[in-house]
>>> print(open('target-v1.txt').read())   # compact mmCIF, C-alpha atoms
# COMPACT_ATOMS: atom_id res chain seq x y z
CA MET A 1164 116.14 118.95 129.02
CA ALA A 1165 114.61 121.58 131.28
CA ALA A 1166 116.39 124.90 131.08
CA ALA A 1167 119.38 125.05 133.40
CA GLY A 1168 118.08 126.26 136.73
CA GLY A 1169 114.60 126.77 135.27
CA PRO A 1170 111.48 124.98 136.40
CA GLU A 1171 110.17 122.02 134.45
CA ARG A 1172 107.17 122.80 132.28
CA ALA A 1173 106.41 119.28 131.08
CA ARG A 1174 107.34 115.68 131.75
CA ALA A 1175 107.20 112.78 129.32
CA VAL A 1176 107.74 109.07 129.72
CA LEU A 1177 108.63 107.09 126.60
CA GLN A 1178 108.15 103.36 126.15
CA GLN A 1179 108.97 101.44 123.01
CA CYS A 1180 106.32 98.86 122.20
CA LEU A 1181 105.46 96.02 119.88
CA ARG A 1182 101.74 96.74 120.23
CA ALA A 1183 99.56 98.94 122.42
CA SER A 1184 95.82 99.44 122.92
CA LEU A 1185 94.23 102.29 124.85
CA GLN A 1186 90.60 102.46 125.93
CA VAL A 1187 89.47 105.98 125.11
CA LYS A 1188 85.81 105.58 126.08
CA PRO A 1189 84.52 103.22 128.77
CA PRO A 1190 81.58 100.92 128.09
CA GLY A 1191 78.20 102.41 128.85
CA PRO A 1192 74.59 101.33 128.80
CA GLY A 1193 74.14 99.61 125.44
CA ALA A 1194 77.59 100.69 124.19
CA GLN A 1195 80.89 98.87 123.93
CA ALA A 1196 84.13 100.42 125.11
CA GLU A 1197 86.10 102.28 122.42
CA TRP A 1198 89.79 101.52 121.89
CA VAL A 1199 92.62 102.87 119.77
CA GLN A 1200 95.56 100.67 118.85
CA ILE A 1201 99.06 100.95 117.44
CA GLU A 1202 101.56 98.40 116.26
CA ARG A 1203 105.34 98.62 116.70
CA GLY A 1204 106.50 102.03 117.78
CA MET A 1205 106.41 104.23 120.86
CA VAL A 1206 104.03 105.21 123.64
CA ILE A 1207 104.40 108.78 124.92
CA TYR A 1208 102.91 109.64 128.32
CA ILE A 1209 102.75 113.43 128.70
CA CYS A 1210 102.04 115.81 131.61
CA PHE A 1211 102.16 119.62 131.61
CA PHE A 1212 103.06 121.71 134.66
CA LYS A 1213 101.99 125.20 135.75
CA GLY A 1214 103.68 127.81 133.60
CA ALA A 1215 103.79 125.65 130.47
CA THR A 1216 102.89 127.48 127.24
CA ASP A 1217 102.46 126.46 123.63
CA GLU A 1218 105.99 127.74 122.88
CA ILE A 1219 107.46 124.55 124.38
CA ILE A 1220 105.41 122.14 122.23
CA PRO A 1221 107.65 122.07 119.10
CA LYS A 1222 110.76 121.46 121.24
CA ILE A 1223 109.11 118.56 123.08
CA VAL A 1224 107.78 116.96 119.90
CA ASN A 1225 111.10 117.31 118.08
CA SER A 1226 113.01 115.83 121.01
CA LEU A 1227 110.67 112.89 121.57
CA LEU A 1228 110.14 111.83 117.96
CA ASN A 1229 113.83 112.10 117.07
CA LEU A 1230 115.19 110.32 120.15
CA LYS A 1231 116.94 107.08 119.18
CA LEU A 1232 114.88 104.80 121.39
CA CYS A 1233 113.54 102.09 119.07
CA GLU A 1234 115.63 98.98 118.52
CA THR A 1235 115.92 97.44 115.06
CA PRO A 1236 116.24 93.66 114.58
CA ALA A 1237 119.98 94.27 114.06
CA GLY A 1238 120.24 95.82 117.54
CA GLN A 1239 120.72 99.39 116.30
CA PHE A 1240 118.76 102.19 118.00
CA VAL A 1241 116.79 104.57 115.78
CA SER A 1242 114.09 107.18 116.28
CA VAL A 1243 110.44 106.32 115.80
CA LEU A 1244 110.59 108.43 112.62
CA GLU A 1245 113.52 106.40 111.26
CA LEU A 1246 111.98 103.05 112.21
CA PRO A 1247 109.24 104.10 111.00
CA GLY A 1248 106.85 103.30 113.84
CA ASP A 1249 103.43 104.15 115.20
CA VAL A 1250 102.92 106.57 118.10
CA LEU A 1251 100.39 106.43 120.93
CA VAL A 1252 100.05 109.58 123.06
CA VAL A 1253 98.59 109.13 126.55
CA PRO A 1254 97.74 112.12 128.76
CA GLN A 1255 99.17 111.28 132.18
CA ALA A 1256 98.59 113.90 134.87
CA THR A 1257 99.97 111.55 137.52
CA LEU A 1258 103.48 112.22 136.20
CA GLY A 1259 103.25 115.53 138.05
CA GLY A 1260 102.63 113.96 141.43
CA LYS A 1261 104.79 114.41 144.50
CA ALA A 1262 104.54 112.20 147.56
CA LYS A 1263 103.50 113.97 150.75
CA GLY A 1264 103.27 111.53 153.59
CA LYS A 1265 101.31 108.54 152.34
CA ARG A 1266 99.45 110.48 149.62
CA MET A 1267 100.23 111.94 146.23
CA GLN A 1268 99.66 115.63 145.55
CA TYR A 1269 99.49 117.30 142.15
CA HIS A 1270 99.93 120.99 142.99
CA ALA A 1271 102.53 121.51 140.22
CA ASN A 1272 100.17 120.35 137.44
CA ILE A 1273 98.67 122.81 135.01
CA ASP A 1274 94.94 123.49 135.38
CA LYS A 1275 92.65 121.21 133.39
CA GLU A 1276 91.56 123.74 130.73
CA ASP A 1277 95.09 124.87 129.89
CA GLY A 1278 96.34 121.27 130.02
CA MET A 1279 93.66 120.16 127.57
CA LYS A 1280 94.63 122.95 125.17
CA LEU A 1281 98.35 122.09 125.34
CA TYR A 1282 97.60 118.38 124.97
CA GLY A 1283 95.59 119.06 121.80
CA GLN A 1284 98.44 121.17 120.40
CA PHE A 1285 100.96 118.47 121.32
CA VAL A 1286 98.96 115.78 119.48
CA SER A 1287 98.52 118.07 116.43
CA GLU A 1288 102.25 118.86 116.30
CA CYS A 1289 103.10 115.14 116.52
CA GLN A 1290 100.69 114.46 113.64
CA ARG A 1291 102.29 117.22 111.54
CA GLU A 1292 105.78 115.86 112.22
CA LEU A 1293 104.78 112.32 111.24
CA ALA A 1294 102.97 113.59 108.11
CA SER A 1295 106.06 115.54 107.00
CA CYS A 1296 108.20 112.38 107.20
CA GLY A 1297 107.90 110.85 103.72
CA HIS A 1298 108.76 107.26 104.60
CA CYS A 1299 106.35 107.33 107.58
CA GLY A 1300 103.49 108.02 105.17
CA GLU A 1301 104.66 105.28 102.81
CA ALA A 1302 104.83 102.81 105.71
CA GLY A 1303 101.31 103.69 106.90
CA VAL A 1304 102.47 105.01 110.28
CA VAL A 1305 99.62 106.09 112.55
CA LEU A 1306 99.33 108.33 115.57
CA ARG A 1307 96.63 107.52 118.09
CA HIS A 1308 95.91 109.37 121.30
CA GLY A 1309 93.96 109.17 124.50
CA THR A 1310 91.27 111.44 125.89
CA TYR A 1311 92.49 114.22 128.17
CA GLY A 1312 90.99 114.20 131.66
CA ASN A 1313 89.64 110.63 131.55
CA ARG A 1314 90.98 107.53 133.24
CA GLN A 1315 91.95 105.08 130.52
CA VAL A 1316 92.87 101.40 130.31
CA LEU A 1317 96.18 100.57 128.60
CA LYS A 1318 97.33 97.23 127.24
CA LEU A 1319 100.98 97.15 126.27
CA ASP A 1320 103.24 94.52 124.69
CA THR A 1321 106.92 95.40 124.81
CA ASN A 1322 110.18 93.76 123.91
CA GLY A 1323 111.63 94.79 127.24
CA PRO A 1324 111.11 97.38 129.93
CA TYR A 1325 112.83 100.16 128.07
CA THR A 1326 111.23 103.23 129.66
CA HIS A 1327 112.68 106.73 129.72
CA LEU A 1328 111.72 109.85 131.68
CA MET A 1329 112.33 113.30 130.19
CA ASP A 1330 111.70 116.71 131.72
CA PHE A 1331 111.32 119.88 129.66
>>> encode(input="target-v1.txt", output="structure tokens")
Amino acid sequence: MAAAGGPERARAVLQQCLRASLQVKPPGPGAQAEWVQIERGMVIYICFFKGATDEIIPKIVNSLLNLKLCETPAGQFVSVLELPGDVLVVPQATLGGKAKGKRMQYHANIDKEDGMKLYGQFVSECQRELASCGHCGEAGVVLRHGTYGNRQVLKLDTNGPYTHLMDF
């Protein structure tokens, strides 16, 4: 989905799920770990590259939430909006890695401040899209998201390894 001949500005990995939990805050002295959880729906891992701007956010959100990735009990594929299903957004800077020798390098990734800003806008745009979908509200669909810049623990139950990579 990247412009023909143009550099990629973002990468997303999509995974349908039956249930997912993400640790957004590790345990600390006298404090339990904090988790967010979704039920049936989709996990979106997102990474922004150098040169990405907020202009690309609506296109990414529209593409990801309307992609017919979720399988109904009848075997038909529908979008997470049509299902309706929950959404978990996970910031994943490692999607921008390139192998060099025996190590990974992340020179193409956006800097942390700009990435955090774009990630916040991405989550907000996803929330707006879900809120504007009438039957998603009626079904109690939720959007949960991880914390940008932190390592997080993910627990995922799927009905098959149905993972997709998309570049923008």
>>> atom_distance(input="target-v1.txt", atom1="atom CA of A:Ala1173", atom2="atom CA of A:Asp1330")
5.9 Å
>>> closest_residue(input="target-v1.txt", among="A:Gly1283, A:Pro1324, A:Pro1190, A:Pro1236", to="A:Val1253", atoms="all atoms listed in the file")
A:Gly1283
>>> residues_around(input="target-v1.txt", residues="A:Asn1313", least_positions_apart="2", cutoff="9 Å", atoms="all atoms listed in the file", output="VMD selection string")
chain A and resid 1187 to 1188 1254 1309 to 1311 1315
>>> atom_distance(input="target-v1.txt", atom1="atom CA of A:Leu1317", atom2="atom CA of A:Gln1255")
11.7 Å
>>> closest_residue(input="target-v1.txt", among="A:Glu1234, A:Glu1197, A:Glu1171, A:Asp1249", to="A:Phe1211", atoms="all atoms listed in the file")
A:Glu1171
>>> closest_residue(input="target-v1.txt", among="A:Gln1200, A:Thr1257, A:Gln1268, A:Ser1242", to="A:Arg1307", atoms="all atoms listed in the file")
A:Gln1200
>>> closest_residue(input="target-v1.txt", among="A:Ala1271, A:Val1250, A:Ala1196, A:Met1279", to="A:Asp1217", atoms="only C-alpha atoms")
A:Met1279
>>> closest_residue(input="target-v1.txt", among="A:Asn1272, A:Thr1321, A:Asn1229, A:Thr1326", to="A:Glu1202", atoms="all atoms listed in the file")
A:Thr1321
>>> atom_distance(input="target-v1.txt", atom1="atom CA of A:Leu1281", atom2="atom CA of A:His1308")
13.6 Å
>>> residues_around(input="target-v1.txt", residues="A:Glu1292", least_positions_apart="2", cutoff="10 Å", atoms="only C-alpha atoms", output="number ranges by chain")
A: 1221, 1224-1225, 1228, 1244, 1286-1290, 1294-1296, 1299
>>> write_last_selection(input="target-v1.txt", atoms="C-alpha atoms", output="PDB file, in the coordinates of the input")
ATOM      1  CA  PRO A1221     107.650 122.070 119.100  1.00  0.00           C
ATOM      2  CA  VAL A1224     107.780 116.960 119.900  1.00  0.00           C
ATOM      3  CA  ASN A1225     111.100 117.310 118.080  1.00  0.00           C
ATOM      4  CA  LEU A1228     110.140 111.830 117.960  1.00  0.00           C
ATOM      5  CA  LEU A1244     110.590 108.430 112.620  1.00  0.00           C
ATOM      6  CA  VAL A1286      98.960 115.780 119.480  1.00  0.00           C
ATOM      7  CA  SER A1287      98.520 118.070 116.430  1.00  0.00           C
ATOM      8  CA  GLU A1288     102.250 118.860 116.300  1.00  0.00           C
ATOM      9  CA  CYS A1289     103.100 115.140 116.520  1.00  0.00           C
ATOM     10  CA  GLN A1290     100.690 114.460 113.640  1.00  0.00           C
ATOM     11  CA  ALA A1294     102.970 113.590 108.110  1.00  0.00           C
ATOM     12  CA  SER A1295     106.060 115.540 107.000  1.00  0.00           C
ATOM     13  CA  CYS A1296     108.200 112.380 107.200  1.00  0.00           C
ATOM     14  CA  CYS A1299     106.350 107.330 107.580  1.00  0.00           C
TER      15      CYS A1299
END
>>> residues_around(input="target-v1.txt", residues="A:His1327", least_positions_apart="2", cutoff="7 Å", atoms="all atoms listed in the file", output="PyMOL selection string")
chain A and resi 1176-1178+1325+1329
>>> write_last_selection(input="target-v1.txt", atoms="C-alpha atoms", output="PDB file, in the frame of the given file")
ATOM      1  CA  VAL A1176     107.740 109.070 129.720  1.00  0.00           C
ATOM      2  CA  LEU A1177     108.630 107.090 126.600  1.00  0.00           C
ATOM      3  CA  GLN A1178     108.150 103.360 126.150  1.00  0.00           C
ATOM      4  CA  TYR A1325     112.830 100.160 128.070  1.00  0.00           C
ATOM      5  CA  MET A1329     112.330 113.300 130.190  1.00  0.00           C
TER       6      MET A1329
END
>>> closest_residue(input="target-v1.txt", among="A:Pro1170, A:Gly1300, A:Pro1247, A:Pro1189", to="A:Gly1204", atoms="all atoms listed in the file")
A:Pro1247
